[in-house]
file protein.txt (compact mmCIF, C-alpha atoms)
# COMPACT_ATOMS: atom_id res chain seq x y z
CA MET A 6 86.66 2.99 -138.92
CA ASN A 7 86.03 0.01 -141.16
CA ARG A 8 87.93 -2.86 -139.62
CA ARG A 9 88.62 -4.53 -142.96
CA LEU A 10 90.64 -1.48 -144.02
CA ILE A 11 93.09 -1.60 -141.16
CA LEU A 12 95.31 -4.42 -142.43
CA PRO A 13 95.78 -3.00 -145.95
CA MET A 14 96.54 0.39 -144.43
CA LEU A 15 99.17 -1.06 -142.12
CA LEU A 16 100.70 -2.87 -145.09
CA ALA A 17 100.78 0.36 -147.07
CA LEU A 18 102.50 2.10 -144.15
CA ALA A 19 105.09 -0.64 -143.91
CA CYS A 20 105.94 -0.16 -147.58
CA ALA A 21 106.27 3.62 -147.28
CA VAL A 22 109.83 4.85 -147.73
CA PRO A 23 111.10 8.38 -147.28
CA ALA A 24 110.46 10.18 -150.58
CA VAL A 25 113.88 11.77 -150.81
CA ALA A 26 116.94 10.77 -148.88
CA GLN A 27 117.72 14.32 -147.82
CA GLU A 28 121.37 13.90 -147.10
CA GLU A 29 124.06 11.31 -147.30
CA GLN A 30 125.04 10.00 -143.90
CA SER A 31 128.53 10.79 -142.79
CA THR A 32 130.97 8.23 -144.14
CA ALA A 33 133.76 9.52 -141.94
CA PRO A 34 135.42 6.53 -140.28
CA TYR A 35 134.64 7.39 -136.65
CA ALA A 36 131.26 9.08 -137.07
CA TYR A 37 129.40 6.06 -135.70
CA ARG A 38 132.27 4.01 -134.33
CA GLN A 39 133.85 4.36 -130.92
CA LEU A 40 137.58 4.36 -130.35
CA ASP A 41 138.99 1.01 -129.27
CA ASP A 42 140.73 2.52 -126.26
CA PRO A 43 137.98 3.20 -123.66
CA ALA A 44 140.00 5.94 -121.95
CA LYS A 45 140.45 7.83 -125.21
CA GLU A 46 136.81 7.29 -126.16
CA ALA A 47 135.75 8.72 -122.79
CA ARG A 48 137.93 11.77 -123.40
CA ALA A 49 136.45 12.18 -126.90
CA GLN A 50 132.93 11.76 -125.52
CA ARG A 51 133.48 14.46 -122.89
CA LEU A 52 134.63 16.88 -125.60
CA MET A 53 131.86 15.94 -128.05
CA GLU A 54 129.22 16.68 -125.42
CA THR A 55 130.44 20.27 -125.24
CA LEU A 56 130.60 20.98 -128.97
CA ARG A 57 127.64 22.41 -130.84
CA CYS A 58 126.24 20.76 -133.92
CA LEU A 59 126.33 23.52 -136.54
CA GLN A 60 123.29 22.29 -138.38
CA CYS A 61 120.84 21.42 -135.61
CA GLN A 62 122.08 24.15 -133.29
CA GLY A 63 121.09 23.41 -129.72
CA GLN A 64 122.25 19.81 -129.87
CA SER A 65 125.74 18.67 -129.12
CA ILE A 66 127.57 16.67 -131.77
CA ALA A 67 127.34 13.68 -129.43
CA ASP A 68 123.52 13.86 -129.58
CA SER A 69 123.00 14.88 -133.18
CA ASP A 70 122.48 12.63 -136.15
CA ALA A 71 123.17 15.38 -138.70
CA PRO A 72 125.85 14.42 -141.24
CA ILE A 73 128.07 17.34 -140.28
CA ALA A 74 127.91 16.24 -136.63
CA GLY A 75 129.11 12.81 -137.79
CA SER A 76 132.06 14.44 -139.53
CA MET A 77 132.83 16.46 -136.40
CA ARG A 78 132.68 13.35 -134.17
CA SER A 79 135.08 11.57 -136.48
CA LEU A 80 137.41 14.57 -136.45
CA VAL A 81 137.38 14.66 -132.64
CA ARG A 82 137.94 10.90 -132.26
CA GLU A 83 140.70 10.72 -134.86
CA ARG A 84 142.58 13.62 -133.29
CA ILE A 85 142.21 12.23 -129.76
CA ALA A 86 143.40 8.85 -131.03
CA ALA A 87 146.44 10.66 -132.45
CA GLY A 88 147.12 12.01 -128.96
CA GLU A 89 145.91 15.58 -129.38
CA ASP A 90 144.72 17.49 -126.32
CA PRO A 91 140.90 17.94 -126.26
CA GLU A 92 141.22 21.65 -125.55
CA ALA A 93 143.49 22.04 -128.60
CA ILE A 94 140.76 20.49 -130.74
CA ARG A 95 138.23 22.88 -129.23
CA ARG A 96 140.54 25.80 -130.01
CA TRP A 97 140.95 24.55 -133.60
CA LEU A 98 137.17 24.57 -134.05
CA ILE A 99 136.72 27.96 -132.34
CA GLU A 100 139.35 29.38 -134.72
CA ARG A 101 137.05 28.38 -137.59
CA TYR A 102 133.55 28.76 -136.21
CA GLY A 103 133.92 31.18 -133.31
CA ASP A 104 132.95 30.69 -129.64
CA TYR A 105 129.49 29.62 -130.77
CA VAL A 106 130.70 26.11 -131.60
CA SER A 107 131.65 25.47 -127.98
CA TYR A 108 129.24 24.98 -125.10
CA ALA A 109 132.02 25.39 -122.55
CA PRO A 110 132.02 29.08 -121.62
CA GLN A 111 135.26 30.89 -122.39
CA LEU A 112 136.49 33.76 -120.24
CA THR A 113 137.09 36.62 -122.67
CA GLY A 114 136.99 40.39 -122.70
CA LEU A 115 133.33 40.15 -123.66
CA THR A 116 132.20 37.45 -121.24
CA TRP A 117 133.97 38.36 -117.99
CA PRO A 118 130.93 40.27 -116.60
CA LEU A 119 128.97 37.01 -116.70
CA PHE A 120 131.44 35.58 -114.21
CA ALA A 121 131.94 38.78 -112.23
CA VAL A 122 128.29 39.81 -111.70
CA PRO A 123 127.30 36.78 -109.54
CA LEU A 124 130.34 37.39 -107.32
CA VAL A 125 129.42 41.06 -106.99
CA LEU A 126 125.80 40.15 -106.14
CA VAL A 127 126.89 37.66 -103.48
CA LEU A 128 129.18 40.27 -101.95
CA LEU A 129 126.41 42.88 -102.04
CA ALA A 130 123.95 40.47 -100.42
CA PHE A 131 126.51 39.66 -97.74
CA VAL A 132 127.08 43.32 -96.94
CA LEU A 133 123.35 44.14 -96.86
CA LEU A 134 122.35 41.09 -94.82
CA ARG A 135 125.18 41.51 -92.37
CA ARG A 136 123.91 44.96 -91.50
CA ARG A 137 120.40 43.59 -91.00
CA PHE A 138 121.50 40.62 -88.86
CA THR A 139 123.91 42.57 -86.72
CA GLY A 140 121.20 45.20 -86.30
CA ARG A 141 118.73 42.58 -85.07
CA ALA A 142 121.26 41.01 -82.71
CA GLY A 143 122.05 44.42 -81.26
CA ALA A 144 118.36 45.29 -80.74
CA MET B 13 106.59 41.30 -90.32
CA SER B 14 108.36 43.73 -92.53
CA GLN B 15 108.45 47.30 -91.47
CA THR B 16 108.57 50.11 -93.95
CA ASN B 17 111.58 52.21 -93.45
CA PRO B 18 110.37 55.80 -93.36
CA LYS B 19 113.81 56.92 -94.53
CA ALA B 20 113.72 54.94 -97.81
CA PRO B 21 114.09 57.43 -100.63
CA MET B 22 111.30 57.83 -103.15
CA TRP B 23 113.21 56.28 -106.07
CA VAL B 24 113.53 52.95 -104.24
CA LEU B 25 109.75 52.54 -104.54
CA TRP B 26 109.95 52.85 -108.30
CA LEU B 27 112.95 50.61 -108.68
CA PRO B 28 111.12 47.23 -109.00
CA LEU B 29 108.67 48.61 -111.56
CA THR B 30 111.49 50.19 -113.55
CA LEU B 31 113.46 46.92 -113.53
CA PHE B 32 110.38 44.98 -114.59
CA LEU B 33 109.64 47.40 -117.44
CA GLY B 34 113.28 47.18 -118.48
CA PHE B 35 113.11 43.39 -118.68
CA ALA B 36 109.74 43.44 -120.45
CA GLY B 37 111.10 45.93 -122.97
CA LEU B 38 114.20 43.83 -123.56
CA ALA B 39 112.09 40.68 -124.00
CA ALA B 40 109.79 42.46 -126.47
CA TYR B 41 112.78 43.77 -128.43
CA MET B 42 114.46 40.37 -128.58
CA LEU B 43 111.19 38.72 -129.69
CA ALA B 44 110.87 41.24 -132.51
CA HIS B 45 114.53 40.77 -133.54
CA PRO B 46 115.24 37.03 -133.50
CA ALA B 47 118.89 36.10 -133.23
CA ASP B 48 120.69 35.38 -136.49
CA ASN B 49 122.12 31.91 -136.05
CA THR B 50 124.17 31.82 -139.23
CA VAL B 51 127.60 30.51 -138.33
CA ASP B 52 130.04 32.37 -140.54
CA SER B 53 133.59 31.22 -141.02
CA LYS B 54 136.20 33.04 -138.96
CA LEU B 55 138.72 32.36 -141.71
CA VAL B 56 137.58 35.31 -143.85
CA GLY B 57 140.69 37.48 -144.23
CA LYS B 58 142.96 34.52 -143.53
CA PRO B 59 144.75 32.11 -145.86
CA MET B 60 142.90 29.10 -147.20
CA PRO B 61 143.83 26.04 -145.13
CA THR B 62 146.09 23.57 -146.90
CA PHE B 63 144.34 20.53 -148.31
CA ASN B 64 144.54 18.21 -151.27
CA LEU B 65 141.27 16.54 -152.22
CA PRO B 66 141.14 13.57 -154.58
CA PRO B 67 139.14 13.89 -157.81
CA ALA B 68 135.39 13.45 -157.35
CA LEU B 69 134.85 12.74 -161.05
CA PRO B 70 136.81 10.59 -163.48
CA GLY B 71 138.81 12.71 -165.92
CA ARG B 72 138.60 15.88 -163.83
CA PRO B 73 141.33 17.00 -161.42
CA GLY B 74 140.66 17.06 -157.69
CA LEU B 75 141.28 20.22 -155.70
CA ASP B 76 144.66 21.08 -154.25
CA SER B 77 144.63 24.28 -152.19
CA LYS B 78 147.88 25.32 -153.96
CA VAL B 79 145.83 25.99 -157.11
CA LEU B 80 143.98 28.71 -155.22
CA ALA B 81 147.15 30.77 -154.79
CA ASN B 82 148.07 30.84 -158.49
CA GLY B 83 147.68 34.61 -158.84
CA LYS B 84 144.07 34.65 -160.01
CA PRO B 85 140.95 34.98 -157.86
CA HIS B 86 138.77 31.88 -157.59
CA LEU B 87 135.34 30.91 -156.39
CA VAL B 88 135.32 27.82 -154.20
CA ASN B 89 131.85 26.30 -154.11
CA ILE B 90 130.98 23.76 -151.43
CA PHE B 91 128.09 21.67 -152.70
CA ALA B 92 126.55 18.20 -152.87
CA SER B 93 124.16 16.34 -155.10
CA TRP B 94 121.82 15.73 -152.14
CA CYS B 95 121.58 19.46 -151.42
CA VAL B 96 118.38 21.02 -152.72
CA PRO B 97 119.45 24.71 -152.60
CA CYS B 98 122.50 23.68 -154.68
CA ARG B 99 120.09 23.09 -157.55
CA VAL B 100 118.70 26.58 -157.06
CA GLU B 101 122.11 28.22 -157.37
CA ALA B 102 123.27 26.14 -160.35
CA PRO B 103 122.11 28.62 -163.04
CA GLN B 104 123.91 31.47 -161.24
CA LEU B 105 127.13 29.44 -161.03
CA GLY B 106 126.71 28.72 -164.73
CA GLU B 107 126.50 32.43 -165.46
CA LEU B 108 129.61 33.15 -163.40
CA ALA B 109 131.49 30.41 -165.24
CA LYS B 110 130.37 31.92 -168.56
CA ALA B 111 131.70 35.28 -167.37
CA GLY B 112 135.11 33.60 -167.06
CA VAL B 113 135.24 33.12 -163.30
CA PRO B 114 137.26 30.02 -162.35
CA ILE B 115 134.96 27.95 -160.12
CA GLU B 116 136.40 25.11 -158.07
CA GLY B 117 134.06 22.62 -156.45
CA ILE B 118 134.24 20.72 -153.18
CA SER B 119 131.61 18.01 -153.09
CA VAL B 120 130.73 16.99 -149.57
CA ARG B 121 129.69 13.46 -148.57
CA ASP B 122 128.78 12.48 -152.11
CA THR B 123 129.18 9.62 -154.56
CA THR B 124 130.56 9.80 -158.10
CA GLU B 125 127.33 8.41 -159.53
CA ASN B 126 125.05 10.92 -157.77
CA LEU B 127 127.43 13.73 -158.61
CA GLN B 128 127.44 12.90 -162.31
CA GLY B 129 123.64 12.84 -162.33
CA PHE B 130 123.50 16.16 -160.52
CA LEU B 131 125.90 17.88 -162.95
CA GLN B 132 124.13 16.46 -165.96
CA GLU B 133 120.81 17.78 -164.70
CA ASN B 134 121.93 21.17 -163.43
CA GLY B 135 124.93 22.08 -165.53
CA ASP B 136 128.60 21.82 -164.73
CA PRO B 137 130.47 25.08 -164.03
CA PHE B 138 133.45 23.47 -162.29
CA GLN B 139 137.09 23.45 -163.37
CA ARG B 140 138.03 21.01 -160.65
CA VAL B 141 135.95 19.03 -158.21
CA GLY B 142 137.50 17.64 -155.05
CA ALA B 143 135.76 14.85 -153.14
CA ASP B 144 135.41 15.67 -149.45
CA ASP B 145 133.87 12.34 -148.53
CA ASP B 146 134.23 12.58 -144.78
CA GLY B 147 133.57 16.33 -144.57
CA LYS B 148 137.01 17.15 -143.10
CA VAL B 149 137.87 19.93 -145.50
CA GLN B 150 134.44 21.45 -144.96
CA LEU B 151 135.27 21.64 -141.25
CA ALA B 152 138.76 22.99 -141.95
CA LEU B 153 137.18 25.83 -143.94
CA GLY B 154 134.77 26.74 -141.15
CA SER B 155 131.81 25.90 -143.34
CA SER B 156 128.66 24.88 -141.51
CA GLY B 157 126.51 23.71 -144.40
CA VAL B 158 125.97 23.44 -148.13
CA PRO B 159 125.95 25.37 -150.32
CA GLU B 160 128.60 27.86 -149.35
CA THR B 161 130.83 29.83 -151.66
CA TYR B 162 134.20 31.38 -150.85
CA VAL B 163 135.90 34.13 -152.83
CA VAL B 164 139.66 33.48 -152.70
CA ASP B 165 142.13 36.06 -154.00
CA GLY B 166 145.22 35.28 -156.08
CA LYS B 167 147.38 34.80 -152.98
CA GLY B 168 145.04 32.20 -151.56
CA ILE B 169 143.45 34.50 -148.96
CA ILE B 170 139.73 34.03 -148.31
CA VAL B 171 138.18 37.45 -148.88
CA TYR B 172 134.48 36.64 -148.71
CA GLN B 173 132.13 33.85 -147.69
CA HIS B 174 128.63 33.51 -149.10
CA ILE B 175 126.37 31.28 -146.99
CA GLY B 176 123.41 29.62 -148.67
CA GLU B 177 122.44 29.49 -152.32
CA ILE B 178 123.57 32.20 -154.73
CA ARG B 179 120.43 33.89 -156.02
CA PRO B 180 120.37 36.14 -159.09
CA GLU B 181 120.46 39.23 -156.86
CA HIS B 182 123.78 38.08 -155.34
CA LEU B 183 125.65 37.96 -158.67
CA GLY B 184 126.59 41.65 -158.67
CA LEU B 185 128.02 41.46 -155.16
CA LEU B 186 130.05 38.33 -155.94
CA LEU B 187 131.44 39.84 -159.15
CA ASP B 188 132.42 42.97 -157.19
CA LYS B 189 134.19 40.86 -154.58
CA LEU B 190 136.02 38.98 -157.35
CA LYS B 191 137.03 42.26 -158.99
CA ASP B 192 138.33 43.62 -155.67
CA ALA B 193 140.21 40.37 -155.13
CA ALA B 194 141.87 40.70 -158.52
CA GLU B 195 143.39 44.07 -157.65
call {"tool": "encode", "arguments": {"input": "protein.txt", "output": "structure tokens"}}
result
Amino acid sequence: MNRRLILPMLLALACAVPAVAQEEQSTAPYAYRQLDDPAKEARAQRLMETLRCLQCQGQSIADSDAPIAGSMRSLVRERIAAGEDPEAIRRWLIERYGDYVSYAPQLTGLTWPLFAVPLVLVLLAFVLLRRRFTGRAGA
Amino acid sequence: MSQTNPKAPMWVLWLPLTLFLGFAGLAAYMLAHPADNTVDSKLVGKPMPTFNLPPALPGRPGLDSKVLANGKPHLVNIFASWCVPCRVEAPQLGELAKAGVPIEGISVRDTTENLQGFLQENGDPFQRVGADDDGKVQLALGSSGVPETYVVDGKGIIVYQHIGEIRPEHLGLLLDKLKDAAE
């Protein structure tokens, strides 16, 4: 590449701005501000890490920079600051968005096999292996 | 080394292959039918949450949820000036407004100036526009994006949620839902 072109190109890059600001950033008070009380902030952080961002699904609201995640962070922090229980906030969101909004698995009529099957498999393995080991010891 | 048990029944031999084919079949099916990740509001069929949003525009009332229980069905449109699909649905909202449907707006994370520009450019079908600057009411409604449109009956019960822009082919469905809500 022509070396004389590099500087003007770098300058042009530096001047480039995003063509369209796609979305307004969240202006909610606690979207980007931590709570003053470290214990409450820690509690809020623990909850935020287990809530799904509804826009960039797959990220938690603690990790996401989407505006709606900012609004959700602010909601969580404000409610924790007001003394609400983190699990109550989770329930409030599940009431509106369904289980999908929470990363913490809930034990329900639909999900209990997920918890039961590993136990059943461990029991089955124990029964099968015990027969094999006792057989070998006896032989 | 492992010994084959001469007493193992025939079907045991086929079991691993059957399991594998089962998994492969499931994987193929799931690949062909990707999961629908639309997050719909669980509030459909339930009363509109109580809120009172300040006016987003000078000279136009904000949105108090009490208005939605005044005996007539309403459309509640969640939108924003920064939202591109909201421009796409603007003509359809205009048509609904012309048909006499009361449309109430909730503008999410917006500014008065941008909002005025947006309405000037795309038409203004709204009776009231409430400013949801921090997105709290959006969360209270179980809305996961913009635009979304709720059909609310005269008692303030949410009867239908439309996610995404309203395209011309959705008008019939929305008008039907509004008619059902009026009964």
call {"tool": "residues_around", "arguments": {"input": "protein.txt", "residues": "A:Ile73", "least_positions_apart": "2", "cutoff": "10 Å", "atoms": "all atoms listed in the file", "output": "PyMOL selection string"}}
result
(chain A and resi 30-31+33+36+58-61+66+69-71+75-79) or (chain B and resi 120-121+146-148+150-151+155-157)
call {"tool": "atom_distance", "arguments": {"input": "protein.txt", "atom1": "atom CA of B:Val141", "atom2": "atom CA of B:Ala68"}}
result
5.7 Å
call {"tool": "interface_residues", "arguments": {"input": "protein.txt", "of": "chain B", "to": "chain A", "cutoff": "12 Å", "atoms": "all atoms listed in the file", "output": "PyMOL selection string"}}
result
chain B and resi 48-61+91-97+119-123+126+144-158
call {"tool": "atom_distance", "arguments": {"input": "protein.txt", "atom1": "atom CA of B:Pro85", "atom2": "atom CA of B:Lys189"}}
result
9.5 Å
call {"tool": "residues_around", "arguments": {"input": "protein.txt", "residues": "stretch 70-75 of chain B", "least_positions_apart": "4", "cutoff": "12 Å", "atoms": "only C-alpha atoms", "output": "PDB file with C-alpha atoms, in the coordinates of the input"}}
result
ATOM      1  CA  THR B  62     146.090  23.570-146.900  1.00  0.00           C
ATOM      2  CA  PHE B  63     144.340  20.530-148.310  1.00  0.00           C
ATOM      3  CA  ASN B  64     144.540  18.210-151.270  1.00  0.00           C
ATOM      4  CA  LEU B  65     141.270  16.540-152.220  1.00  0.00           C
ATOM      5  CA  PRO B  66     141.140  13.570-154.580  1.00  0.00           C
ATOM      6  CA  VAL B  79     145.830  25.990-157.110  1.00  0.00           C
ATOM      7  CA  LEU B  80     143.980  28.710-155.220  1.00  0.00           C
ATOM      8  CA  VAL B  88     135.320  27.820-154.200  1.00  0.00           C
ATOM      9  CA  ASN B  89     131.850  26.300-154.110  1.00  0.00           C
ATOM     10  CA  ILE B  90     130.980  23.760-151.430  1.00  0.00           C
ATOM     11  CA  ILE B 115     134.960  27.950-160.120  1.00  0.00           C
ATOM     12  CA  GLU B 116     136.400  25.110-158.070  1.00  0.00           C
ATOM     13  CA  GLY B 117     134.060  22.620-156.450  1.00  0.00           C
ATOM     14  CA  ILE B 118     134.240  20.720-153.180  1.00  0.00           C
ATOM     15  CA  SER B 119     131.610  18.010-153.090  1.00  0.00           C
ATOM     16  CA  THR B 123     129.180   9.620-154.560  1.00  0.00           C
ATOM     17  CA  THR B 124     130.560   9.800-158.100  1.00  0.00           C
ATOM     18  CA  GLU B 125     127.330   8.410-159.530  1.00  0.00           C
ATOM     19  CA  LEU B 127     127.430  13.730-158.610  1.00  0.00           C
ATOM     20  CA  GLN B 128     127.440  12.900-162.310  1.00  0.00           C
ATOM     21  CA  ASP B 136     128.600  21.820-164.730  1.00  0.00           C
ATOM     22  CA  PHE B 138     133.450  23.470-162.290  1.00  0.00           C
ATOM     23  CA  GLN B 139     137.090  23.450-163.370  1.00  0.00           C
ATOM     24  CA  ARG B 140     138.030  21.010-160.650  1.00  0.00           C
ATOM     25  CA  VAL B 141     135.950  19.030-158.210  1.00  0.00           C
ATOM     26  CA  GLY B 142     137.500  17.640-155.050  1.00  0.00           C
ATOM     27  CA  ALA B 143     135.760  14.850-153.140  1.00  0.00           C
ATOM     28  CA  ASP B 144     135.410  15.670-149.450  1.00  0.00           C
ATOM     29  CA  VAL B 149     137.870  19.930-145.500  1.00  0.00           C
TER      30      VAL B 149
END
call {"tool": "axis_aligned_box", "arguments": {"input": "protein.txt", "around": "stretch 46-50 of chain B", "padding_each_side": "4 Å", "output": "JSON"}}
result
{"center_x": 119.7, "center_y": 34.4, "center_z": -136.2, "size_x": 16.9, "size_y": 13.2, "size_z": 14.0}
call {"tool": "closest_residue", "arguments": {"input": "protein.txt", "among": "B:Pro46, B:Gly129, B:Pro180, B:Pro114", "to": "B:Val163", "atoms": "all atoms listed in the file"}}
result
B:Pro114
call {"tool": "atom_distance", "arguments": {"input": "protein.txt", "atom1": "atom CA of B:Lys78", "atom2": "atom CA of A:Arg96"}}
result
25.1 Å
call {"tool": "residues_near_point", "arguments": {"input": "protein.txt", "point": "(133.8, 21.7, -124.5)", "cutoff": "6 Å", "atoms": "all atoms listed in the file", "output": "mmCIF file with C-alpha atoms, in the frame of the given file"}}
result
data_model
loop_
_atom_site.group_PDB
_atom_site.id
_atom_site.type_symbol
_atom_site.label_atom_id
_atom_site.label_comp_id
_atom_site.auth_asym_id
_atom_site.auth_seq_id
_atom_site.Cartn_x
_atom_site.Cartn_y
_atom_site.Cartn_z
ATOM 1 C CA LEU A 52 134.630 16.880 -125.600
ATOM 2 C CA THR A 55 130.440 20.270 -125.240
ATOM 3 C CA LEU A 56 130.600 20.980 -128.970
ATOM 4 C CA SER A 107 131.650 25.470 -127.980
ATOM 5 C CA TYR A 108 129.240 24.980 -125.100
ATOM 6 C CA ALA A 109 132.020 25.390 -122.550
#
call {"tool": "closest_residue", "arguments": {"input": "protein.txt", "among": "B:Val24, B:Val171, B:Leu87, B:Leu108", "to": "B:Asp192", "atoms": "all atoms listed in the file"}}
result
B:Val171
call {"tool": "closest_residue", "arguments": {"input": "protein.txt", "among": "A:Glu46, A:Asp68, A:Glu54, A:Asp104", "to": "A:Arg84", "atoms": "only C-alpha atoms"}}
result
A:Glu46
call {"tool": "decode", "arguments": {"input": "protein.txt", "residues": "stretch 115-134 of chain A", "atoms": "N, CA and C atoms", "output": "compact mmCIF listing (two decimals), in the first residue's frame"}}
result
# COMPACT_ATOMS: atom_id res chain seq x y z
N LEU A 115 -43.24 -28.65 35.00
CA LEU A 115 -42.64 -28.95 33.70
C LEU A 115 -41.16 -29.32 33.82
N THR A 116 -40.48 -28.76 34.82
CA THR A 116 -39.02 -28.91 34.86
C THR A 116 -38.54 -29.97 35.84
N TRP A 117 -39.44 -30.57 36.64
CA TRP A 117 -38.95 -31.50 37.66
C TRP A 117 -38.18 -32.68 37.08
N PRO A 118 -38.51 -33.19 35.86
CA PRO A 118 -37.71 -34.31 35.34
C PRO A 118 -36.23 -33.95 35.18
N LEU A 119 -35.95 -32.68 34.88
CA LEU A 119 -34.55 -32.26 34.73
C LEU A 119 -33.77 -32.51 36.02
N PHE A 120 -34.45 -32.36 37.15
CA PHE A 120 -33.78 -32.57 38.42
C PHE A 120 -33.83 -34.04 38.82
N ALA A 121 -34.90 -34.72 38.41
CA ALA A 121 -35.10 -36.10 38.85
C ALA A 121 -34.24 -37.08 38.04
N VAL A 122 -34.08 -36.83 36.73
CA VAL A 122 -33.39 -37.80 35.87
C VAL A 122 -31.95 -38.05 36.32
N PRO A 123 -31.15 -37.02 36.65
CA PRO A 123 -29.78 -37.31 37.12
C PRO A 123 -29.77 -38.19 38.36
N LEU A 124 -30.70 -37.94 39.29
CA LEU A 124 -30.77 -38.77 40.49
C LEU A 124 -31.08 -40.22 40.13
N VAL A 125 -32.03 -40.39 39.22
CA VAL A 125 -32.41 -41.74 38.79
C VAL A 125 -31.22 -42.43 38.13
N LEU A 126 -30.48 -41.70 37.29
CA LEU A 126 -29.32 -42.29 36.61
C LEU A 126 -28.24 -42.70 37.60
N VAL A 127 -28.00 -41.85 38.60
CA VAL A 127 -26.99 -42.18 39.61
C VAL A 127 -27.40 -43.45 40.36
N LEU A 128 -28.68 -43.51 40.72
CA LEU A 128 -29.19 -44.70 41.42
C LEU A 128 -29.03 -45.94 40.56
N LEU A 129 -29.38 -45.81 39.28
CA LEU A 129 -29.30 -46.93 38.34
C LEU A 129 -27.85 -47.40 38.22
N ALA A 130 -26.93 -46.42 38.07
CA ALA A 130 -25.52 -46.76 37.94
C ALA A 130 -25.05 -47.48 39.20
N PHE A 131 -25.51 -47.00 40.35
CA PHE A 131 -25.10 -47.61 41.61
C PHE A 131 -25.55 -49.07 41.66
N VAL A 132 -26.80 -49.29 41.29
CA VAL A 132 -27.35 -50.65 41.35
C VAL A 132 -26.58 -51.56 40.38
N LEU A 133 -26.36 -51.08 39.14
CA LEU A 133 -25.69 -51.90 38.14
C LEU A 133 -24.25 -52.19 38.55
N LEU A 134 -23.54 -51.14 39.01
CA LEU A 134 -22.13 -51.32 39.33
C LEU A 134 -21.95 -52.19 40.56
